[in-house]
Structure formats: C-alpha cells, structure tokens
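Working notes for the structure below.
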Amino acid sequence: MQPSQLSSGDVIADRRADYAKMLDEGGEAEAAAELMEQALELAPTWAAGWYRLATYREKAGRADTAVEAYRRTLELDPDDIFGAGLKLALLGDAEMPAQPSSRYVERLFDDYADRFETSLVEKLDYSVPQKIVALVASTGRHYQRAVDLGCGTGLLGPEIRAHVTELEGFDLSQNMLAKAAEKRVYDHLAQADLSLAPEASGLFTDGPRHRADLVTAADVLMYLGNLESVFAIVDTLAAPGADFVFSVEDGGDGAGFYLAPSLRYAHSEIYVKGLAAAHGLEIRNSVKTTIRKDGGKPVSGILFLTRKTI
C-alpha cells in the first residue's frame, strides 16, 4: 500500500474515515477527529489518514495535536505529497520551505484538473490570463515563439494565440496538460518542473536554448516560493530582446517572500525586481491588481512585463 492512497487498505478503517469526513463537512470537526483517530488505530501507517486527522484537529482548534499528526504524515510520506511541511511551517513548528515539494504541487493539480476551470473562473473571478494578454498586446509585437510556463489547463492559450506564431506549454501536472491539449491551441505540450535547474527542468528536452521571444507565467509563481530557478530557466529559454510576462501574489513592502495561509507564496515587488535585474530583465511595466478571490476576499497581485536586454 502506498501512503498516498485514499484507501487505508482496511474496510472498517475506511468506513470510519468516510463517516469522519461527513462529520467534518457538517461542521463537527472535533467529532470527525475522534472518529479518524479510531480509523488510524486500525491503519496506523496510512499517511493520507494522518493528514486528514491533522486538518480536523486544526479546524477544532487543537493546533498542538494537529502538529503531531502533520509530523506523523511527513514521517510516513517523506516526499510530502500532502504539503504537511507547509502546514507545519504555518503552525510555527518548522521553518518556511523555500519551495514546496514538487510531488505536492503535482498531486494538487492532478487532483484539481477536472474542476479547475469551473472553480477558478466561475467561482473565484480569476482574470490573470486576460490581464497578461493586455500587457502582451501593449507591446505591439507579434511573437514568433511563445512558451507558456505552468500552462495548466491552457486558459492563457486561447487568449494569447493571436499574438504568436508558435505556442508551447509546459506544466508539472499531466492531468492539466491533458486538459490543455483538448483546447487544440498549443503546438507543443510537455511536462516540466520549474523548481529545478534549467538542464533538469524538462524545458530543453525537445527544444533548444534561447528559442522563445515571449515567455509567460500566469498564476504559477505563487506555487514556487524561491524564484531563482524560474528566472534561471527564463534566462536560458529567452532570446535577446524577448519579453517575460508573469504574475505574482503581492507580498507587500518586504524584501522577500512568505507562505500565506492559502499555502501559496506571496512575493514582494522588491524581491521580483532584484531577480529581474540579476538575470538581465528590464521591467517595462508593472500593474497591481486583484487576481482572484479566496474565501470571498480579493487577492492582490502584481503583473510584470519585462524584457531581456540584448
């Protein structure tokens, strides 16, 4: 049995876990936690079960015992596909990870792919693709080859297609890539990991260096934390004079980035400008705007139009 499996492998434990989920959805987090504890007595090595117990305890206001369950999750699942390490950081039990586990991000979006667009566009008022394209259009350029980093289900593709001759898309999630392929607007789609160095990322398996005159990253960088690897990839991917257009969640006036309760990272304008300068990118425009809603509240972001100096 893999620790990521939704089933514990024990029928009675699974039944109790299902009841616990129903209690949690009914607002009875404490009762859900107690029933989940009973389930884990029968399946003590079930990592997914320990993560669920941790979330129930956290909702019930039992942060100390939630920490214990998150720690147990991480012990059973060192690849951290559930993001227990991020939770421990938010609860003050661990340092903030510079980047989340790639396995966590991959699983998150593999699971999210089928309902991604409905949730993001219809419920969260997501508007980043349109705002990214407005910045691209403001340059007055038509691009020969664009590379859409973290393309997801391809929401940016139809918006930007009229501005480019060839369009490539890369994402960590195979399920998201499958959804993007259904739109039939990308000339090439492949898996890539933006948290890795350029040569290991997957961006250059089938394509040369410095091939893009436009690189985009719409609502992607908030899942990465430290952005050094991303800017190194863009530096390797972009031709001289290429534009890099992207969004971040607004991290305020600090000099770095932080992990928000949403388990996404927010980056300060100072931090982004420093990375851009270090990688030969001139900031041509930046726009502060609302990029989506979260819990019914607007999420502030910053959109950047940068150009690689020749």
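For the structure tokens, the naming scheme is as follows: chains receive sequential letters (A, B, ...) according to their order of presentation, residues are indexed from 1 within each chain, and ligands are indexed from 1 in presentation order.
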
Compile a residue-level contact table for stretch 75-131 of chain A against stretch 216-221 of chain A at a cut-off of 12 Å, reporting for every qualifying residue the shortest atom pair and its distance in Å to one decimal, with only C-alpha atoms counted, rows ordered by chain and ascending number, as JSON lines.
{"residue": "A:Gln99", "atom": "CA", "partner": "A:Leu221", "partner_atom": "CA", "distance": 10.4}
{"residue": "A:Pro100", "atom": "CA", "partner": "A:Leu221", "partner_atom": "CA", "distance": 11.4}
{"residue": "A:Val105", "atom": "CA", "partner": "A:Val220", "partner_atom": "CA", "distance": 10.7}
{"residue": "A:Phe109", "atom": "CA", "partner": "A:Val220", "partner_atom": "CA", "distance": 11.5}
{"residue": "A:Leu120", "atom": "CA", "partner": "A:Asp219", "partner_atom": "CA", "distance": 11.0}
{"residue": "A:Tyr126", "atom": "CA", "partner": "A:Asp219", "partner_atom": "CA", "distance": 9.5}
{"residue": "A:Ser127", "atom": "CA", "partner": "A:Asp219", "partner_atom": "CA", "distance": 9.8}
{"residue": "A:Val128", "atom": "CA", "partner": "A:Ala218", "partner_atom": "CA", "distance": 6.3}
{"residue": "A:Pro129", "atom": "CA", "partner": "A:Ala218", "partner_atom": "CA", "distance": 6.4}
{"residue": "A:Gln130", "atom": "CA", "partner": "A:Ala218", "partner_atom": "CA", "distance": 9.8}
{"residue": "A:Lys131", "atom": "CA", "partner": "A:Ala218", "partner_atom": "CA", "distance": 9.3}

Suppose we keep C-alpha atoms; can you now write the selection as a compact mmCIF listing (two decimals), in the first residue's frame?
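What follows is the written file part_1.txt:
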# COMPACT_ATOMS: atom_id res chain seq x y z
CA GLN A 99 9.87 25.81 -2.18
CA PRO A 100 7.11 23.25 -1.74
CA VAL A 105 2.25 20.54 -6.40
CA PHE A 109 -3.12 19.91 -9.70
CA LEU A 120 -11.15 29.34 -10.81
CA TYR A 126 -9.89 34.62 -11.95
CA SER A 127 -8.77 37.19 -14.51
CA VAL A 128 -4.99 36.80 -14.87
CA PRO A 129 -4.96 35.44 -18.48
CA GLN A 130 -6.85 38.46 -19.79
CA LYS A 131 -4.60 40.85 -17.86

Could you find all residues in stretch 165-295 of chain A that DSSP calls strand (DSSP E or B) from the backbone, and write them as a PyMOL selection string? chain A and resi 165-171+188-191+212-217+238-250+257-259+265-267+281-294

Keeping only N, CA and C atoms, take the residues you just selected and write them out as a CSV table (one decimal), in the first residue's frame.
chain,number,residue,atom,x,y,z
A,165,THR,N,3.0,33.0,-33.3
A,165,THR,CA,3.0,32.1,-34.4
A,165,THR,C,3.1,30.7,-33.9
A,166,GLU,N,4.0,30.4,-32.9
A,166,GLU,CA,4.1,29.1,-32.3
A,166,GLU,C,3.9,29.2,-30.8
A,167,LEU,N,3.2,28.2,-30.3
A,167,LEU,CA,2.9,28.3,-28.8
A,167,LEU,C,3.2,27.0,-28.2
A,168,GLU,N,4.1,27.0,-27.2
A,168,GLU,CA,4.4,25.8,-26.4
A,168,GLU,C,3.9,26.0,-25.0
A,169,GLY,N,3.5,24.9,-24.4
A,169,GLY,CA,3.0,24.9,-23.0
A,169,GLY,C,3.7,23.8,-22.2
A,170,PHE,N,4.0,24.2,-20.9
A,170,PHE,CA,4.7,23.2,-20.0
A,170,PHE,C,4.0,23.3,-18.7
A,171,ASP,N,3.8,22.1,-18.0
A,171,ASP,CA,3.2,22.1,-16.7
A,171,ASP,C,3.7,20.8,-16.0
A,188,HIS,N,2.8,22.5,-29.0
A,188,HIS,CA,3.6,21.5,-28.2
A,188,HIS,C,3.3,21.6,-26.8
A,189,LEU,N,3.1,20.5,-26.1
A,189,LEU,CA,2.8,20.4,-24.7
A,189,LEU,C,3.7,19.4,-24.1
A,190,ALA,N,4.3,19.7,-22.9
A,190,ALA,CA,5.1,18.7,-22.2
A,190,ALA,C,5.2,19.0,-20.7
A,191,GLN,N,5.7,18.0,-20.0
A,191,GLN,CA,5.8,18.2,-18.5
A,191,GLN,C,7.2,18.8,-18.2
A,212,ALA,N,12.7,31.3,-27.3
A,212,ALA,CA,11.5,32.0,-27.2
A,212,ALA,C,11.7,33.5,-27.2
A,213,ASP,N,10.8,34.2,-27.9
A,213,ASP,CA,10.8,35.6,-27.9
A,213,ASP,C,9.6,36.1,-27.0
A,214,LEU,N,8.9,35.2,-26.4
A,214,LEU,CA,7.9,35.5,-25.4
A,214,LEU,C,7.8,34.4,-24.4
A,215,VAL,N,7.9,34.7,-23.1
A,215,VAL,CA,7.7,33.7,-22.1
A,215,VAL,C,6.6,34.2,-21.1
A,216,THR,N,5.7,33.4,-20.8
A,216,THR,CA,4.6,33.8,-19.9
A,216,THR,C,4.5,32.8,-18.7
A,217,ALA,N,4.0,33.4,-17.6
A,217,ALA,CA,3.8,32.5,-16.4
A,217,ALA,C,2.6,33.2,-15.6
A,238,ALA,N,14.9,32.4,-23.0
A,238,ALA,CA,14.6,33.6,-23.8
A,238,ALA,C,15.7,34.0,-24.7
A,239,ALA,N,15.3,34.4,-25.9
A,239,ALA,CA,16.3,35.0,-26.8
A,239,ALA,C,16.5,36.5,-26.4
A,240,PRO,N,17.6,37.1,-26.9
A,240,PRO,CA,17.8,38.5,-26.6
A,240,PRO,C,16.6,39.3,-27.1
A,241,GLY,N,16.2,40.3,-26.3
A,241,GLY,CA,15.0,41.1,-26.6
A,241,GLY,C,13.7,40.5,-26.3
A,242,ALA,N,13.7,39.2,-25.8
A,242,ALA,CA,12.4,38.5,-25.5
A,242,ALA,C,11.7,39.2,-24.4
A,243,ASP,N,10.4,39.0,-24.3
A,243,ASP,CA,9.6,39.5,-23.2
A,243,ASP,C,9.2,38.4,-22.3
A,244,PHE,N,9.2,38.7,-21.0
A,244,PHE,CA,8.8,37.7,-20.0
A,244,PHE,C,7.7,38.4,-19.2
A,245,VAL,N,6.4,37.9,-19.3
A,245,VAL,CA,5.3,38.5,-18.7
A,245,VAL,C,4.7,37.5,-17.7
A,246,PHE,N,4.5,37.9,-16.5
A,246,PHE,CA,4.1,37.0,-15.4
A,246,PHE,C,3.4,37.7,-14.3
A,247,SER,N,2.8,36.9,-13.4
A,247,SER,CA,2.1,37.4,-12.2
A,247,SER,C,2.6,36.8,-10.9
A,248,VAL,N,2.5,37.6,-9.9
A,248,VAL,CA,2.8,37.0,-8.5
A,248,VAL,C,1.7,37.5,-7.6
A,249,GLU,N,1.5,36.9,-6.5
A,249,GLU,CA,0.7,37.4,-5.4
A,249,GLU,C,1.5,38.5,-4.7
A,250,ASP,N,0.9,39.6,-4.4
A,250,ASP,CA,1.6,40.7,-3.8
A,250,ASP,C,2.0,40.5,-2.4
A,257,PHE,N,9.8,36.9,0.2
A,257,PHE,CA,8.5,36.2,0.0
A,257,PHE,C,8.1,35.5,1.3
A,258,TYR,N,6.8,35.2,1.4
A,258,TYR,CA,6.3,34.5,2.5
A,258,TYR,C,5.2,33.5,2.1
A,259,LEU,N,5.0,32.5,3.0
A,259,LEU,CA,4.0,31.5,2.8
A,259,LEU,C,2.7,32.0,3.4
A,265,TYR,N,2.6,31.2,-2.0
A,265,TYR,CA,3.6,32.1,-1.7
A,265,TYR,C,3.3,33.5,-2.2
A,266,ALA,N,3.5,34.5,-1.5
A,266,ALA,CA,3.4,35.9,-1.9
A,266,ALA,C,4.8,36.5,-2.0
A,267,HIS,N,5.0,37.3,-3.1
A,267,HIS,CA,6.4,37.8,-3.4
A,267,HIS,C,6.3,39.3,-3.4
A,281,LEU,N,16.8,41.3,-17.0
A,281,LEU,CA,15.5,41.6,-17.4
A,281,LEU,C,15.1,43.0,-17.0
A,282,GLU,N,14.8,43.8,-18.0
A,282,GLU,CA,14.4,45.2,-17.7
A,282,GLU,C,12.8,45.2,-17.5
A,283,ILE,N,12.4,45.8,-16.4
A,283,ILE,CA,11.0,45.9,-16.2
A,283,ILE,C,10.4,47.0,-17.0
A,284,ARG,N,9.5,46.7,-17.9
A,284,ARG,CA,8.9,47.7,-18.8
A,284,ARG,C,7.6,48.2,-18.3
A,285,ASN,N,6.9,47.4,-17.5
A,285,ASN,CA,5.6,47.8,-16.9
A,285,ASN,C,5.3,46.8,-15.7
A,286,SER,N,4.6,47.4,-14.7
A,286,SER,CA,4.1,46.5,-13.6
A,286,SER,C,2.7,47.1,-13.2
A,287,VAL,N,1.8,46.2,-12.9
A,287,VAL,CA,0.5,46.6,-12.6
A,287,VAL,C,0.0,45.9,-11.3
A,288,LYS,N,-0.4,46.6,-10.3
A,288,LYS,CA,-1.0,46.0,-9.1
A,288,LYS,C,-2.5,45.9,-9.4
A,289,THR,N,-3.1,44.7,-9.1
A,289,THR,CA,-4.5,44.4,-9.4
A,289,THR,C,-5.0,43.2,-8.6
A,290,THR,N,-6.3,43.1,-8.6
A,290,THR,CA,-6.9,41.9,-8.0
A,290,THR,C,-6.8,40.7,-9.0
A,291,ILE,N,-6.3,39.6,-8.5
A,291,ILE,CA,-6.1,38.5,-9.5
A,291,ILE,C,-7.1,37.4,-9.3
A,292,ARG,N,-7.7,37.3,-8.1
A,292,ARG,CA,-8.8,36.3,-7.9
A,292,ARG,C,-9.4,36.6,-6.5
A,293,LYS,N,-10.3,35.7,-6.1
A,293,LYS,CA,-10.9,35.8,-4.8
A,293,LYS,C,-10.5,34.5,-4.0
A,294,ASP,N,-10.4,34.6,-2.7
A,294,ASP,CA,-10.1,33.5,-1.9
A,294,ASP,C,-10.9,33.6,-0.6

Nearest to A:Lys183, restricted to only C-alpha atoms and choosing among A:Ala255, A:Ala200, A:Leu35, A:Leu155, comes out as A:Leu155

Please return as a PyMOL selection string: the residues of stretch 37-258 of chain A that backbone DSSP assigns to alpha helix (DSSP H). chain A and resi 37-42+47-59+63-76+84-90+102-112+116-117+128-138+156-160+174-182+198-201+228-237

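For the choices A:Asn175, A:Gly27, A:Ala180, A:Ala137, the atom-to-atom distance to A:Ile160 is smallest for A:Ala137 when using only C-alpha atoms.
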
Calculated over only C-alpha atoms, which of the candidates A:Ala178, A:Val234, A:Val272, A:Val11 has the smallest distance to A:Asp114? A:Ala178

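With atom CA of A:Gly202 on one side and atom CA of A:Arg184 on the other, the separation reads 21.5 Å.
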
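Among A:Gly274, A:Pro261, A:Gly252, A:Pro97, the residue with the shortest atom-to-atom distance to A:Ser300, counting only C-alpha atoms, is A:Gly252.
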
Would you mind listing what lies within 12 Å of A:Ala232 as JSON, numbers by chain, with only C-alpha atoms counted and same-chain residues fewer than 6 positions away left out? {"A": [194, 195, 196, 197, 198, 199, 200, 201, 203, 209, 210, 226, 238, 275, 276, 278, 279, 280, 281]}

Residues from the last selection, C-alpha atoms, saved as a compact mmCIF listing (two decimals), in the first residue's frame:
# COMPACT_ATOMS: atom_id res chain seq x y z
CA LEU A 194 10.11 24.91 -12.69
CA SER A 195 11.71 24.26 -9.30
CA LEU A 196 14.72 22.58 -10.95
CA ALA A 197 17.77 23.95 -12.71
CA PRO A 198 17.28 24.63 -16.44
CA GLU A 199 19.01 21.47 -17.66
CA ALA A 200 16.91 19.29 -15.33
CA SER A 201 13.59 21.11 -15.73
CA LEU A 203 12.12 22.64 -20.86
CA ARG A 209 18.05 27.16 -25.57
CA HIS A 210 17.13 30.79 -26.24
CA ASN A 226 12.06 30.94 -4.09
CA ALA A 238 14.57 33.58 -23.75
CA LEU A 275 15.74 38.88 -9.50
CA ALA A 276 14.85 40.57 -12.77
CA ALA A 278 20.16 39.88 -11.69
CA HIS A 279 19.00 38.00 -14.79
CA GLY A 280 19.19 40.84 -17.29
CA LEU A 281 15.48 41.61 -17.41

Pick from A:Arg141, A:Tyr223, A:Leu177, A:Val136 nearest to A:Glu159, counting only C-alpha atoms: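 Of A:Arg141, A:Tyr223, A:Leu177, A:Val136, the one nearest A:Glu159, counting only C-alpha atoms, is A:Val136.
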
Looking at A:Arg107, A:Lys273, A:Arg52, A:Arg71, which one is nearest to A:Ala20, with distances taken over only C-alpha atoms? A:Arg52

Name the residues in contact with stretch 41-46 of chain A at a cut-off of 8 Å, using only C-alpha atoms, excluding same-chain residues fewer than 4 positions from it; report them as a list in words. Pro3, Ser4, Ser8, Gly9, Asp10, Ile12, Ala13, Glu37, Trp50 and Leu76 of chain A

Find the distance between atom CA of A:Arg307 and atom CA of A:Gly207 and write it in Å to one decimal.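 Between atom CA of A:Arg307 and atom CA of A:Gly207 the gap works out to 21.1 Å.
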
Do you have the atom CA of A:Leu135-atom CA of A:Gly295 distance handy?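 Atom-to-atom, atom CA of A:Leu135 and atom CA of A:Gly295 are spaced 27.7 Å apart.
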